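Below: target26.cif (mmCIF, C-alpha atoms)
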data_target
loop_
_atom_site.label_atom_id
_atom_site.label_comp_id
_atom_site.auth_asym_id
_atom_site.auth_seq_id
_atom_site.Cartn_x
_atom_site.Cartn_y
_atom_site.Cartn_z
CA MET V 1 15.82 -3.98 -25.29
CA ALA V 2 19.07 -3.42 -27.16
CA GLY V 3 21.72 -1.46 -25.31
CA GLY V 4 23.26 1.86 -26.18
CA TYR V 5 20.31 4.12 -25.53
CA GLY V 6 20.51 7.26 -23.44
CA ILE V 7 17.58 8.09 -21.24
CA THR V 8 16.02 10.37 -23.82
CA ASP V 9 16.18 8.18 -26.90
CA CYS V 10 15.39 4.84 -25.30
CA PRO V 11 11.98 3.63 -26.51
CA ILE V 12 11.11 2.45 -22.99
CA ALA V 13 11.88 5.88 -21.50
CA ARG V 14 9.89 7.50 -24.30
CA ALA V 15 6.92 5.23 -23.62
CA LEU V 16 7.14 5.96 -19.90
CA ASP V 17 7.19 9.71 -20.50
CA ILE V 18 3.69 9.20 -21.87
CA VAL V 19 2.23 6.36 -19.83
CA GLY V 20 4.73 5.90 -17.00
CA GLU V 21 2.40 6.80 -14.22
CA LYS V 22 -0.03 4.54 -12.43
CA TRP V 23 -3.18 6.56 -13.04
CA SER V 24 -2.48 6.99 -16.74
CA LEU V 25 -2.33 3.26 -17.26
CA LEU V 26 -5.45 2.71 -15.14
CA ILE V 27 -7.32 5.32 -17.22
CA LEU V 28 -6.31 3.42 -20.35
CA ARG V 29 -7.30 0.12 -18.72
CA ASP V 30 -10.80 1.46 -18.09
CA LEU V 31 -11.14 2.82 -21.63
CA PHE V 32 -10.08 -0.58 -23.00
CA ARG V 33 -12.50 -2.38 -20.74
CA LYS V 34 -15.52 -0.11 -20.84
CA GLY V 35 -15.20 1.89 -24.05
CA PRO V 36 -15.71 5.67 -24.20
CA LEU V 37 -16.16 7.21 -20.75
CA ARG V 38 -17.09 10.58 -19.39
CA PHE V 39 -15.07 12.33 -16.71
CA GLN V 40 -17.44 11.16 -13.99
CA GLY V 41 -17.38 7.57 -15.21
CA LEU V 42 -13.60 7.58 -15.19
CA ALA V 43 -13.49 9.12 -11.69
CA GLU V 44 -15.86 6.44 -10.36
CA GLY V 45 -13.64 3.65 -11.68
CA LEU V 46 -10.55 5.15 -10.05
CA PRO V 47 -11.31 5.60 -6.36
CA GLY V 48 -8.77 7.85 -4.75
CA ILE V 49 -7.87 9.89 -7.82
CA ALA V 50 -8.11 13.65 -7.28
CA PRO V 51 -10.19 15.40 -9.95
CA ASN V 52 -7.31 17.70 -10.89
CA THR V 53 -5.01 14.68 -11.25
CA LEU V 54 -7.56 13.00 -13.52
CA SER V 55 -7.86 16.22 -15.57
CA ALA V 56 -4.10 16.52 -15.89
CA ARG V 57 -3.67 12.87 -16.94
CA LEU V 58 -6.45 13.13 -19.51
CA LYS V 59 -4.90 16.30 -20.93
CA LEU V 60 -1.47 14.67 -21.20
CA LEU V 61 -2.85 11.52 -22.82
CA GLU V 62 -4.84 13.65 -25.24
CA THR V 63 -1.84 15.86 -26.08
CA GLN V 64 0.20 12.73 -26.73
CA GLY V 65 -2.45 11.36 -29.07
CA VAL V 66 -3.26 8.33 -26.91
CA ILE V 67 -6.85 9.33 -26.20
CA GLU V 68 -9.32 11.64 -27.86
CA ALA V 69 -11.93 13.93 -26.30
CA ARG V 70 -15.24 13.84 -28.13
CA LEU V 71 -18.04 16.32 -27.56
CA TYR V 72 -21.25 14.57 -26.56
CA GLU V 73 -23.21 17.65 -25.47
CA ASN V 74 -23.03 21.20 -26.75
CA HIS V 75 -24.74 23.27 -24.07
CA PRO V 76 -22.85 23.12 -21.83
CA PRO V 77 -19.95 21.51 -23.73
CA ARG V 78 -19.26 18.06 -22.33
CA TYR V 79 -16.74 15.51 -23.44
CA GLU V 80 -16.24 11.80 -23.37
CA TYR V 81 -12.87 10.14 -23.74
CA LEU V 82 -11.91 7.30 -26.01
CA LEU V 83 -8.77 5.53 -27.17
CA THR V 84 -7.13 6.54 -30.43
CA GLU V 85 -5.37 4.00 -32.62
CA LYS V 86 -2.13 4.93 -30.86
CA GLY V 87 -3.88 4.27 -27.55
CA ARG V 88 -5.27 0.94 -28.67
CA SER V 89 -1.76 -0.09 -29.68
CA LEU V 90 -0.93 -0.11 -25.95
CA ALA V 91 -2.98 -3.28 -25.51
CA PRO V 92 0.14 -5.51 -25.31
CA VAL V 93 1.52 -3.37 -22.48
CA LEU V 94 -1.67 -3.71 -20.45
CA LYS V 95 -1.91 -7.42 -21.23
CA ALA V 96 1.66 -7.96 -20.06
CA LEU V 97 0.96 -6.01 -16.85
CA TYR V 98 -2.24 -7.98 -16.32
CA LYS V 99 -0.45 -11.28 -16.75
CA TRP V 100 2.36 -10.29 -14.41
CA GLY V 101 -0.06 -8.85 -11.85
CA GLU V 102 -1.94 -12.15 -11.79
CA THR V 103 1.20 -13.86 -10.52
CA CYS V 104 1.55 -11.36 -7.63
CA SER V 105 -0.62 -12.30 -4.71
CA MET R 1 -8.19 -7.74 -19.21
CA ALA R 2 -11.46 -9.26 -18.05
CA GLY R 3 -13.91 -6.86 -16.42
CA GLY R 4 -15.33 -6.92 -12.95
CA TYR R 5 -12.26 -5.99 -10.97
CA GLY R 6 -12.17 -3.29 -8.35
CA ILE R 7 -9.08 -1.17 -8.12
CA THR R 8 -7.52 -3.30 -5.42
CA ASP R 9 -7.99 -6.75 -6.88
CA CYS R 10 -7.31 -5.92 -10.51
CA PRO R 11 -4.05 -7.57 -11.62
CA ILE R 12 -3.08 -4.43 -13.55
CA ALA R 13 -3.55 -2.22 -10.48
CA ARG R 14 -1.61 -4.74 -8.42
CA ALA R 15 1.23 -4.74 -10.92
CA LEU R 16 1.25 -0.94 -10.98
CA ASP R 17 1.42 -0.76 -7.20
CA ILE R 18 4.80 -2.41 -7.59
CA VAL R 19 6.17 -1.10 -10.88
CA GLY R 20 3.79 1.71 -11.80
CA GLU R 21 6.31 4.47 -11.62
CA LYS R 22 8.68 5.59 -14.31
CA TRP R 23 11.92 5.22 -12.36
CA SER R 24 11.06 1.74 -11.14
CA LEU R 25 10.65 0.47 -14.67
CA LEU R 26 13.83 2.23 -15.80
CA ILE R 27 15.76 0.62 -12.92
CA LEU R 28 14.47 -2.76 -14.07
CA ARG R 29 15.33 -1.90 -17.67
CA ASP R 30 18.94 -1.24 -16.67
CA LEU R 31 19.19 -4.43 -14.62
CA PHE R 32 17.86 -6.40 -17.60
CA ARG R 33 20.26 -4.71 -19.96
CA LYS R 34 23.42 -4.53 -17.88
CA GLY R 35 23.05 -7.25 -15.24
CA PRO R 36 23.78 -6.65 -11.54
CA LEU R 37 24.51 -3.00 -10.78
CA ARG R 38 25.70 -1.03 -7.80
CA PHE R 39 23.94 2.07 -6.55
CA GLN R 40 26.36 4.33 -8.38
CA GLY R 41 26.02 2.41 -11.63
CA LEU R 42 22.26 2.68 -11.44
CA ALA R 43 22.43 6.40 -10.67
CA GLU R 44 24.69 7.01 -13.67
CA GLY R 45 22.24 5.29 -16.01
CA LEU R 46 19.34 7.39 -14.74
CA PRO R 47 20.32 11.03 -15.10
CA GLY R 48 17.99 13.23 -13.13
CA ILE R 49 17.07 10.71 -10.45
CA ALA R 50 17.57 12.00 -6.90
CA PRO R 51 19.61 9.61 -4.72
CA ASN R 52 16.82 9.35 -2.13
CA THR R 53 14.33 8.52 -4.91
CA LEU R 54 16.65 5.81 -6.20
CA SER R 55 17.05 4.44 -2.64
CA ALA R 56 13.30 4.43 -2.09
CA ARG R 57 12.60 2.68 -5.41
CA LEU R 58 15.26 0.05 -4.76
CA LYS R 59 13.84 -0.58 -1.30
CA LEU R 60 10.29 -0.96 -2.66
CA LEU R 61 11.40 -3.29 -5.47
CA GLU R 62 13.40 -5.34 -2.97
CA THR R 63 10.49 -5.51 -0.50
CA GLN R 64 8.25 -6.67 -3.31
CA GLY R 65 10.69 -9.40 -4.30
CA VAL R 66 11.41 -7.97 -7.74
CA ILE R 67 15.09 -7.30 -7.09
CA GLU R 68 17.60 -8.60 -4.63
CA ALA R 69 20.43 -6.77 -2.84
CA ARG R 70 23.64 -8.78 -2.72
CA LEU R 71 26.62 -7.89 -0.54
CA TYR R 72 29.76 -7.49 -2.63
CA GLU R 73 31.95 -5.94 0.04
CA ASN R 74 31.93 -6.46 3.79
CA HIS R 75 33.92 -3.53 5.17
CA PRO R 76 32.14 -1.24 4.66
CA PRO R 77 29.05 -3.25 3.63
CA ARG R 78 28.21 -2.52 -0.01
CA TYR R 79 25.47 -3.96 -2.14
CA GLU R 80 24.75 -4.61 -5.75
CA TYR R 81 21.27 -5.11 -7.11
CA LEU R 82 20.01 -7.85 -9.38
CA LEU R 83 16.71 -9.15 -10.69
CA THR R 84 14.98 -12.02 -8.95
CA GLU R 85 12.94 -14.56 -10.89
CA LYS R 86 9.86 -12.44 -10.19
CA GLY R 87 11.73 -9.45 -11.61
CA ARG R 88 12.86 -11.34 -14.69
CA SER R 89 9.24 -12.30 -15.32
CA LEU R 90 8.61 -8.61 -16.06
CA ALA R 91 10.47 -8.96 -19.36
CA PRO R 92 7.23 -9.04 -21.42
CA VAL R 93 6.12 -5.74 -19.85
CA LEU R 94 9.40 -4.03 -20.77
CA LYS R 95 9.36 -5.57 -24.24
CA ALA R 96 5.82 -4.32 -24.84
CA LEU R 97 6.80 -0.82 -23.63
CA TYR R 98 9.89 -0.91 -25.85
CA LYS R 99 7.89 -1.89 -28.89
CA TRP R 100 5.27 0.77 -28.25
CA GLY R 101 7.92 3.41 -27.51
CA GLU R 102 9.57 2.67 -30.84
CA THR R 103 6.39 3.75 -32.63
CA CYS R 104 6.37 7.11 -30.77
CA SER R 105 8.62 9.64 -32.41
#
Any chance you could give the structure as structure tokens?
Amino acid sequence: MAGGYGITDCPIARALDIVGEKWSLLILRDLFRKGPLRFQGLAEGLPGIAPNTLSARLKLLETQGVIEARLYENHPPRYEYLLTEKGRSLAPVLKALYKWGETCS
Amino acid sequence: MAGGYGITDCPIARALDIVGEKWSLLILRDLFRKGPLRFQGLAEGLPGIAPNTLSARLKLLETQGVIEARLYENHPPRYEYLLTEKGRSLAPVLKALYKWGETCS
């Protein structure tokens, strides 16, 4: 939290460009909690998310190396999603949010 | 990060309902880093934010008790914004994001 960063080179802004959206962090929460999940399993854990929003978030998280799509069926091709090492290194962020959220009633 | 929470009673979801948006966390970052700020000072630190977005985020954070608006001029009434105790208790979230963002190049 040192000063002197512009919006583009601040580590917090950089982190938020990747995970600074509610659904993205909830997707990661579910992958932490439940392990690899298929699209349908993710959708069921996130009531209210539009399928195209879920697709877009998964694509962004995959492009950013936070999650990985793994083929679990060839015909037709179907994927499940799991955290990469970079994704697992977000655990302290989710823990801090959890702890803070517990104090909000 | 225990399991068994629905989307509404999960502490992470609750936290994200308040701060789960990129600009909100960047507003808090700037208040942590620079202390109380006026609307214009906040806008200058967040290039690209639309004034009505900044207003809406400030209003939400104030309603949620995360920041406080303090009158610094009476005629015309002008406000500066500062963190409340609840807002300051978000420091671990920002620190975790900072640390993770540092590892993203």
Self-check item: Residue hits in chain R, query chain V, radius 6 Å, all atoms listed in the file, as a PyMOL selection string
Solution: chain R and resi 11-12+14-16+20-22+92-93+96-98+101-102
Mind doing a quick least-squares superposition of chain V onto chain R, all C-alpha atoms paired one-to-one in order, and writing it out as a PDB file with C-alpha atoms, keeping the file's coordinate frame?
ATOM      1  CA  MET V   1      -8.294  -7.712 -19.148  1.00  0.00           C
ATOM      2  CA  ALA V   2     -11.594  -9.219 -18.047  1.00  0.00           C
ATOM      3  CA  GLY V   3     -14.019  -6.843 -16.385  1.00  0.00           C
ATOM      4  CA  GLY V   4     -15.391  -6.914 -12.884  1.00  0.00           C
ATOM      5  CA  TYR V   5     -12.277  -6.001 -10.960  1.00  0.00           C
ATOM      6  CA  GLY V   6     -12.174  -3.302  -8.319  1.00  0.00           C
ATOM      7  CA  ILE V   7      -9.089  -1.168  -8.115  1.00  0.00           C
ATOM      8  CA  THR V   8      -7.524  -3.318  -5.428  1.00  0.00           C
ATOM      9  CA  ASP V   9      -7.978  -6.766  -6.917  1.00  0.00           C
ATOM     10  CA  CYS V  10      -7.316  -5.938 -10.553  1.00  0.00           C
ATOM     11  CA  PRO V  11      -4.055  -7.583 -11.654  1.00  0.00           C
ATOM     12  CA  ILE V  12      -3.081  -4.442 -13.584  1.00  0.00           C
ATOM     13  CA  ALA V  13      -3.558  -2.235 -10.506  1.00  0.00           C
ATOM     14  CA  ARG V  14      -1.617  -4.762  -8.440  1.00  0.00           C
ATOM     15  CA  ALA V  15       1.236  -4.751 -10.948  1.00  0.00           C
ATOM     16  CA  LEU V  16       1.253  -0.954 -11.000  1.00  0.00           C
ATOM     17  CA  ASP V  17       1.406  -0.767  -7.210  1.00  0.00           C
ATOM     18  CA  ILE V  18       4.793  -2.430  -7.598  1.00  0.00           C
ATOM     19  CA  VAL V  19       6.175  -1.113 -10.871  1.00  0.00           C
ATOM     20  CA  GLY V  20       3.800   1.714 -11.785  1.00  0.00           C
ATOM     21  CA  GLU V  21       6.321   4.468 -11.603  1.00  0.00           C
ATOM     22  CA  LYS V  22       8.693   5.599 -14.306  1.00  0.00           C
ATOM     23  CA  TRP V  23      11.928   5.219 -12.364  1.00  0.00           C
ATOM     24  CA  SER V  24      11.068   1.738 -11.137  1.00  0.00           C
ATOM     25  CA  LEU V  25      10.659   0.474 -14.664  1.00  0.00           C
ATOM     26  CA  LEU V  26      13.843   2.235 -15.801  1.00  0.00           C
ATOM     27  CA  ILE V  27      15.763   0.622 -12.912  1.00  0.00           C
ATOM     28  CA  LEU V  28      14.478  -2.762 -14.064  1.00  0.00           C
ATOM     29  CA  ARG V  29      15.343  -1.910 -17.677  1.00  0.00           C
ATOM     30  CA  ASP V  30      18.947  -1.240 -16.676  1.00  0.00           C
ATOM     31  CA  LEU V  31      19.189  -4.439 -14.626  1.00  0.00           C
ATOM     32  CA  PHE V  32      17.851  -6.409 -17.608  1.00  0.00           C
ATOM     33  CA  ARG V  33      20.267  -4.723 -19.959  1.00  0.00           C
ATOM     34  CA  LYS V  34      23.413  -4.545 -17.873  1.00  0.00           C
ATOM     35  CA  GLY V  35      23.054  -7.250 -15.234  1.00  0.00           C
ATOM     36  CA  PRO V  36      23.790  -6.652 -11.536  1.00  0.00           C
ATOM     37  CA  LEU V  37      24.511  -2.995 -10.775  1.00  0.00           C
ATOM     38  CA  ARG V  38      25.718  -1.033  -7.813  1.00  0.00           C
ATOM     39  CA  PHE V  39      23.951   2.071  -6.561  1.00  0.00           C
ATOM     40  CA  GLN V  40      26.379   4.338  -8.391  1.00  0.00           C
ATOM     41  CA  GLY V  41      26.033   2.413 -11.640  1.00  0.00           C
ATOM     42  CA  LEU V  42      22.267   2.673 -11.444  1.00  0.00           C
ATOM     43  CA  ALA V  43      22.433   6.414 -10.664  1.00  0.00           C
ATOM     44  CA  GLU V  44      24.696   7.014 -13.678  1.00  0.00           C
ATOM     45  CA  GLY V  45      22.242   5.291 -16.016  1.00  0.00           C
ATOM     46  CA  LEU V  46      19.339   7.386 -14.736  1.00  0.00           C
ATOM     47  CA  PRO V  47      20.313  11.034 -15.104  1.00  0.00           C
ATOM     48  CA  GLY V  48      18.004  13.229 -13.114  1.00  0.00           C
ATOM     49  CA  ILE V  49      17.077  10.706 -10.436  1.00  0.00           C
ATOM     50  CA  ALA V  50      17.578  11.990  -6.889  1.00  0.00           C
ATOM     51  CA  PRO V  51      19.624   9.611  -4.727  1.00  0.00           C
ATOM     52  CA  ASN V  52      16.848   9.346  -2.140  1.00  0.00           C
ATOM     53  CA  THR V  53      14.349   8.519  -4.899  1.00  0.00           C
ATOM     54  CA  LEU V  54      16.670   5.797  -6.194  1.00  0.00           C
ATOM     55  CA  SER V  55      17.065   4.437  -2.637  1.00  0.00           C
ATOM     56  CA  ALA V  56      13.319   4.423  -2.088  1.00  0.00           C
ATOM     57  CA  ARG V  57      12.610   2.675  -5.412  1.00  0.00           C
ATOM     58  CA  LEU V  58      15.265   0.043  -4.762  1.00  0.00           C
ATOM     59  CA  LYS V  59      13.845  -0.595  -1.292  1.00  0.00           C
ATOM     60  CA  LEU V  60      10.311  -0.978  -2.655  1.00  0.00           C
ATOM     61  CA  LEU V  61      11.407  -3.293  -5.463  1.00  0.00           C
ATOM     62  CA  GLU V  62      13.400  -5.345  -2.978  1.00  0.00           C
ATOM     63  CA  THR V  63      10.504  -5.523  -0.494  1.00  0.00           C
ATOM     64  CA  GLN V  64       8.243  -6.672  -3.313  1.00  0.00           C
ATOM     65  CA  GLY V  65      10.679  -9.405  -4.296  1.00  0.00           C
ATOM     66  CA  VAL V  66      11.408  -7.969  -7.747  1.00  0.00           C
ATOM     67  CA  ILE V  67      15.085  -7.296  -7.099  1.00  0.00           C
ATOM     68  CA  GLU V  68      17.606  -8.599  -4.621  1.00  0.00           C
ATOM     69  CA  ALA V  69      20.430  -6.769  -2.841  1.00  0.00           C
ATOM     70  CA  ARG V  70      23.630  -8.783  -2.713  1.00  0.00           C
ATOM     71  CA  LEU V  71      26.604  -7.894  -0.551  1.00  0.00           C
ATOM     72  CA  TYR V  72      29.746  -7.479  -2.630  1.00  0.00           C
ATOM     73  CA  GLU V  73      31.947  -5.905   0.052  1.00  0.00           C
ATOM     74  CA  ASN V  74      31.923  -6.415   3.795  1.00  0.00           C
ATOM     75  CA  HIS V  75      33.894  -3.480   5.172  1.00  0.00           C
ATOM     76  CA  PRO V  76      32.115  -1.204   4.654  1.00  0.00           C
ATOM     77  CA  PRO V  77      29.027  -3.208   3.623  1.00  0.00           C
ATOM     78  CA  ARG V  78      28.196  -2.506  -0.004  1.00  0.00           C
ATOM     79  CA  TYR V  79      25.469  -3.954  -2.136  1.00  0.00           C
ATOM     80  CA  GLU V  80      24.743  -4.616  -5.749  1.00  0.00           C
ATOM     81  CA  TYR V  81      21.262  -5.106  -7.124  1.00  0.00           C
ATOM     82  CA  LEU V  82      20.012  -7.846  -9.376  1.00  0.00           C
ATOM     83  CA  LEU V  83      16.712  -9.145 -10.705  1.00  0.00           C
ATOM     84  CA  THR V  84      14.974 -12.018  -8.956  1.00  0.00           C
ATOM     85  CA  GLU V  85      12.949 -14.567 -10.891  1.00  0.00           C
ATOM     86  CA  LYS V  86       9.868 -12.453 -10.187  1.00  0.00           C
ATOM     87  CA  GLY V  87      11.740  -9.466 -11.610  1.00  0.00           C
ATOM     88  CA  ARG V  88      12.861 -11.331 -14.699  1.00  0.00           C
ATOM     89  CA  SER V  89       9.247 -12.308 -15.317  1.00  0.00           C
ATOM     90  CA  LEU V  90       8.609  -8.617 -16.073  1.00  0.00           C
ATOM     91  CA  ALA V  91      10.477  -8.967 -19.364  1.00  0.00           C
ATOM     92  CA  PRO V  92       7.239  -9.033 -21.427  1.00  0.00           C
ATOM     93  CA  VAL V  93       6.142  -5.743 -19.858  1.00  0.00           C
ATOM     94  CA  LEU V  94       9.404  -4.031 -20.774  1.00  0.00           C
ATOM     95  CA  LYS V  95       9.372  -5.570 -24.247  1.00  0.00           C
ATOM     96  CA  ALA V  96       5.840  -4.313 -24.838  1.00  0.00           C
ATOM     97  CA  LEU V  97       6.823  -0.822 -23.639  1.00  0.00           C
ATOM     98  CA  TYR V  98       9.917  -0.910 -25.834  1.00  0.00           C
ATOM     99  CA  LYS V  99       7.906  -1.895 -28.878  1.00  0.00           C
ATOM    100  CA  TRP V 100       5.286   0.771 -28.257  1.00  0.00           C
ATOM    101  CA  GLY V 101       7.919   3.414 -27.507  1.00  0.00           C
ATOM    102  CA  GLU V 102       9.590   2.677 -30.837  1.00  0.00           C
ATOM    103  CA  THR V 103       6.419   3.764 -32.614  1.00  0.00           C
ATOM    104  CA  CYS V 104       6.374   7.122 -30.757  1.00  0.00           C
ATOM    105  CA  SER V 105       8.628   9.644 -32.393  1.00  0.00           C
TER     106      SER V 105
END
Self-check item: Expansion of the PyMOL selection byres ((chain V and resi 57-60) around 12) into residues, as an MDAnalysis selection string
Solution: chainID V and resid 17:28 31 37:39 42:43 49:56 61:69 79:83
Determine the axis-aligned bounding box of all atoms of region 49-53 of chain V present in the file, pad each side by 6 Å, and express its centre and edge lengths in Å to one decimal place as JSON.
{"center_x": -7.6, "center_y": 13.8, "center_z": -9.3, "size_x": 17.2, "size_y": 19.8, "size_z": 16.0}
Quiz prompt | Gap from CA of Gly35 (chain R) to CA of Pro76 (chain R) - Å, one decimal | solution = 22.7 Å
